[in-house]
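A.B. asks: Let me give you the structure first, and then I'll get to my questions.
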Amino acid sequence: MTPDVIFHAAAGATGIVTGATALFTRKGSRVHRTAGTLFFIVMMTAAATAIWLAYKINYFGFMVAGVLILYLLATGWMTVRRPPGQTGLFEVGAFLLVATGSAASFFFTLQSVQNGTALLGGIPGFIFSIVAALAAGLDLSVILRRGLSERQRIARHLWRTHVGLFAAVGSFFPGQLQFFPEFIQQVRPIILLFIPSFLIIGLMFFWLARLFFTGWYRKRAAVASTAAPEPARAPA
């Protein structure tokens with residue numbers, strides 16, 4: 001447990017706490033926004049230190065995973081700061097980064113499978129490649145359409161931040177299982193240890209379904225328009 005490992009673990013644990021707070025508080029509230037900002041800061045720190053730790057042990061796969069999480073968090077954060085119907089150089093750069101990363105991850109994973117050194121038969125690497133390719137396709141769509149509607153912005157923010165939280169929860173538990181008490185390590189079946197991660201993904205699909213297939217968004221938009229101040233009129 002070197003200082004950089006401890007720092008990384010502390011940032012990841014803080015990210016889980018702040019992410020859970022943002023997840024289970026009212027969307028748009030001050031608590032939600034504050035927790036979300038803290039989640040973004042500490043998770044960007046955790047992902048950056050993960051890349052450094054992977055570099056130290058020369059593990060390319062974890063480096064790619066760290067870059068992907070950085071990308072998802074940064075684009076998810078930037079999405080809610082872009083007004084509807086606008087894009088910029090940030091979106092173009094993000095697309096080029098994730099498209100290149102997807103191709104590199106796929107090539108590296110395929111090479112590892114052929115050499116017999118792939119982790120779990122290359123499944124994690126191929127999953128990262130697919131997620132990155134999906135994100136690149138969506139980024140390209142945003143660029144070509146020159147921005148998103150308000151509902152699309154919320155959806156983009158939702159799924160990208162949820163995947164970032166999913167990575168943090170999965171990396172901490174059961175990813176760091178060796179640091180937990182022995183009675184937790186002996187949990188059988190092992191699938192039970194993935195319940196927190198599955199919960200994050202389930203909540204992501206719940207919010208996306210609520211956003212697109214229920215009246216929740218229309219009510220939210222109506223409340224927001226009612227609360228917005230009327231524009232000042234010029235004197236007659």
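Please note that chains go A, B, ... in the order of the structure tokens, that every chain numbers its residues from 1, and that ligands are numbered from 1 in the order shown.
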Skip Leu73 in chain A itself and residues of its chain fewer than 5 positions away, then list as a ChimeraX atom specification all residues within 7 Å of it, counting only C-alpha atoms.

C.D. replies: /A:40,160-161,164

A.B. asks: Store the residues picked out above in a file with C-alpha atoms, as a PDB file, in the first residue's frame.

C.D. replies:
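Saved as result.pdb:
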```
ATOM      1  CA  PHE A  40     -16.647  14.692 -10.799  1.00  0.00           C
ATOM      2  CA  ARG A 160     -22.070   8.723 -18.792  1.00  0.00           C
ATOM      3  CA  THR A 161     -21.993   9.610 -15.094  1.00  0.00           C
ATOM      4  CA  GLY A 164     -18.388   6.309 -14.235  1.00  0.00           C
TER       5      GLY A 164
END
```

A.B. asks: Near Gly147 in chain A, counting only C-alpha atoms, which residues have an atom at most 6 Å away, once you skip same-chain residues fewer than 5 positions from it, shown as a PyMOL selection string?

C.D. replies: chain A and resi 85-87+142

A.B. asks: Output the selection as a tab-separated table (two decimals), in the first residue's frame - C-alpha atoms for each residue.

C.D. replies:
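again_35.tsv written:
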```
chain	number	residue	atom	x	y	z
A	85	GLY	CA	-28.07	23.16	-29.62
A	86	GLN	CA	-24.40	24.01	-29.21
A	87	THR	CA	-21.08	22.17	-29.71
A	142	VAL	CA	-23.83	15.29	-31.58
```

A.B. asks: Rounded to one decimal in Å, what is the spacing between CA of Ala9 in chain A and CA of Met43 in chain A?

C.D. replies: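 It comes out at 10.6 Å.
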
A.B. asks: Residues at most 12 Å from Arg33 in chain A, counting only C-alpha atoms, excluding those fewer than 6 positions away in the same chain, as a list in words?

C.D. replies: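 Returned residues: Thr18, Gly19, Thr21, Ala22, Leu23, Phe24, Thr25, Arg26, Lys27, Phe39, Phe40, Trp77 and Val80 of chain A.
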
A.B. asks: Output as a ChimeraX atom specification all residues of range 33-155 of chain A that backbone DSSP marks as helix (DSSP H, G or I).

C.D. replies: /A:33-56,60-79,89-115,119-145,150-155

A.B. asks: Store the residues picked out above in a file with C-alpha atoms, as an mmCIF file, in the first residue's frame.

C.D. replies:
```cif
data_model
loop_
_atom_site.group_PDB
_atom_site.id
_atom_site.type_symbol
_atom_site.label_atom_id
_atom_site.label_comp_id
_atom_site.auth_asym_id
_atom_site.auth_seq_id
_atom_site.Cartn_x
_atom_site.Cartn_y
_atom_site.Cartn_z
ATOM 1 C CA ARG A 33 -25.438 19.571 -7.794
ATOM 2 C CA THR A 34 -22.884 19.867 -4.996
ATOM 3 C CA ALA A 35 -22.474 16.102 -4.665
ATOM 4 C CA GLY A 36 -22.224 15.795 -8.437
ATOM 5 C CA THR A 37 -19.460 18.389 -8.625
ATOM 6 C CA LEU A 38 -17.492 16.684 -5.852
ATOM 7 C CA PHE A 39 -18.056 13.318 -7.553
ATOM 8 C CA PHE A 40 -16.647 14.692 -10.799
ATOM 9 C CA ILE A 41 -13.535 16.100 -9.113
ATOM 10 C CA VAL A 42 -12.627 13.055 -7.031
ATOM 11 C CA MET A 43 -13.448 10.550 -9.784
ATOM 12 C CA MET A 44 -11.311 12.411 -12.300
ATOM 13 C CA THR A 45 -8.549 12.223 -9.696
ATOM 14 C CA ALA A 46 -9.145 8.509 -9.127
ATOM 15 C CA ALA A 47 -9.120 7.759 -12.862
ATOM 16 C CA ALA A 48 -5.938 9.794 -13.415
ATOM 17 C CA THR A 49 -4.134 8.001 -10.569
ATOM 18 C CA ALA A 50 -5.399 4.666 -11.910
ATOM 19 C CA ILE A 51 -3.696 5.446 -15.219
ATOM 20 C CA TRP A 52 -0.478 6.258 -13.351
ATOM 21 C CA LEU A 53 -0.622 3.025 -11.335
ATOM 22 C CA ALA A 54 -1.290 1.005 -14.496
ATOM 23 C CA TYR A 55 1.661 2.702 -16.181
ATOM 24 C CA LYS A 56 3.907 1.734 -13.250
ATOM 25 C CA PHE A 60 -2.005 -1.229 -20.947
ATOM 26 C CA GLY A 61 -5.536 -2.542 -20.400
ATOM 27 C CA PHE A 62 -6.023 -0.643 -17.130
ATOM 28 C CA MET A 63 -4.548 2.467 -18.722
ATOM 29 C CA VAL A 64 -7.166 2.304 -21.474
ATOM 30 C CA ALA A 65 -9.907 1.779 -18.879
ATOM 31 C CA GLY A 66 -8.722 4.831 -16.928
ATOM 32 C CA VAL A 67 -8.691 7.018 -20.036
ATOM 33 C CA LEU A 68 -12.211 5.822 -20.937
ATOM 34 C CA ILE A 69 -13.526 6.745 -17.481
ATOM 35 C CA LEU A 70 -11.846 10.164 -17.713
ATOM 36 C CA TYR A 71 -13.511 10.680 -21.073
ATOM 37 C CA LEU A 72 -16.978 9.601 -19.888
ATOM 38 C CA LEU A 73 -16.842 11.793 -16.796
ATOM 39 C CA ALA A 74 -15.523 14.833 -18.674
ATOM 40 C CA THR A 75 -18.113 14.596 -21.443
ATOM 41 C CA GLY A 76 -20.918 13.890 -18.954
ATOM 42 C CA TRP A 77 -19.915 16.971 -16.955
ATOM 43 C CA MET A 78 -19.510 19.156 -20.036
ATOM 44 C CA THR A 79 -22.911 18.108 -21.369
ATOM 45 C CA LEU A 89 -13.867 21.989 -30.090
ATOM 46 C CA PHE A 90 -14.266 20.006 -26.880
ATOM 47 C CA GLU A 91 -16.774 17.643 -28.508
ATOM 48 C CA VAL A 92 -14.579 17.210 -31.584
ATOM 49 C CA GLY A 93 -11.535 16.429 -29.442
ATOM 50 C CA ALA A 94 -13.531 14.006 -27.279
ATOM 51 C CA PHE A 95 -14.732 12.163 -30.380
ATOM 52 C CA LEU A 96 -11.213 11.812 -31.795
ATOM 53 C CA LEU A 97 -9.901 10.609 -28.424
ATOM 54 C CA VAL A 98 -12.531 7.939 -27.826
ATOM 55 C CA ALA A 99 -12.545 6.730 -31.443
ATOM 56 C CA THR A 100 -8.772 6.269 -31.328
ATOM 57 C CA GLY A 101 -9.018 4.637 -27.907
ATOM 58 C CA SER A 102 -11.665 2.191 -29.115
ATOM 59 C CA ALA A 103 -9.521 1.070 -32.031
ATOM 60 C CA ALA A 104 -6.395 0.795 -29.844
ATOM 61 C CA SER A 105 -8.244 -1.178 -27.162
ATOM 62 C CA PHE A 106 -9.666 -3.609 -29.713
ATOM 63 C CA PHE A 107 -6.278 -4.146 -31.366
ATOM 64 C CA PHE A 108 -4.492 -4.653 -28.037
ATOM 65 C CA THR A 109 -7.147 -7.055 -26.763
ATOM 66 C CA LEU A 110 -7.114 -9.071 -29.966
ATOM 67 C CA GLN A 111 -3.339 -9.296 -29.816
ATOM 68 C CA SER A 112 -3.484 -10.408 -26.170
ATOM 69 C CA VAL A 113 -5.998 -13.128 -27.018
ATOM 70 C CA GLN A 114 -3.763 -14.414 -29.800
ATOM 71 C CA ASN A 115 -0.770 -14.425 -27.409
ATOM 72 C CA LEU A 119 -7.487 -11.260 -18.963
ATOM 73 C CA LEU A 120 -10.611 -13.475 -18.811
ATOM 74 C CA GLY A 121 -10.249 -14.365 -22.462
ATOM 75 C CA GLY A 122 -10.239 -10.737 -23.541
ATOM 76 C CA ILE A 123 -13.866 -10.131 -22.521
ATOM 77 C CA PRO A 124 -13.183 -6.968 -20.453
ATOM 78 C CA GLY A 125 -11.067 -5.483 -23.229
ATOM 79 C CA PHE A 126 -13.682 -6.136 -25.893
ATOM 80 C CA ILE A 127 -16.371 -4.639 -23.644
ATOM 81 C CA PHE A 128 -14.309 -1.480 -23.226
ATOM 82 C CA SER A 129 -13.817 -1.340 -27.006
ATOM 83 C CA ILE A 130 -17.555 -1.667 -27.654
ATOM 84 C CA VAL A 131 -18.499 0.968 -25.070
ATOM 85 C CA ALA A 132 -15.891 3.351 -26.474
ATOM 86 C CA ALA A 133 -17.096 2.747 -30.037
ATOM 87 C CA LEU A 134 -20.700 3.409 -28.963
ATOM 88 C CA ALA A 135 -19.651 6.622 -27.240
ATOM 89 C CA ALA A 136 -17.683 7.703 -30.328
ATOM 90 C CA GLY A 137 -20.725 7.129 -32.536
ATOM 91 C CA LEU A 138 -22.902 9.206 -30.228
ATOM 92 C CA ASP A 139 -20.271 11.964 -30.132
ATOM 93 C CA LEU A 140 -20.177 12.054 -33.914
ATOM 94 C CA SER A 141 -23.964 12.323 -33.975
ATOM 95 C CA VAL A 142 -23.825 15.290 -31.575
ATOM 96 C CA ILE A 143 -21.242 17.036 -33.769
ATOM 97 C CA LEU A 144 -23.171 16.458 -36.996
ATOM 98 C CA ARG A 145 -26.431 17.664 -35.435
ATOM 99 C CA GLU A 150 -32.620 19.459 -23.463
ATOM 100 C CA ARG A 151 -33.910 15.915 -23.030
ATOM 101 C CA GLN A 152 -30.990 14.452 -24.981
ATOM 102 C CA ARG A 153 -28.563 16.438 -22.826
ATOM 103 C CA ILE A 154 -30.040 14.940 -19.674
ATOM 104 C CA ALA A 155 -29.831 11.426 -21.136
#
```

A.B. asks: Mind pulling up the distance from CA of Phe198 in chain A to CA of His157 in chain A?

C.D. replies: 19.0 Å
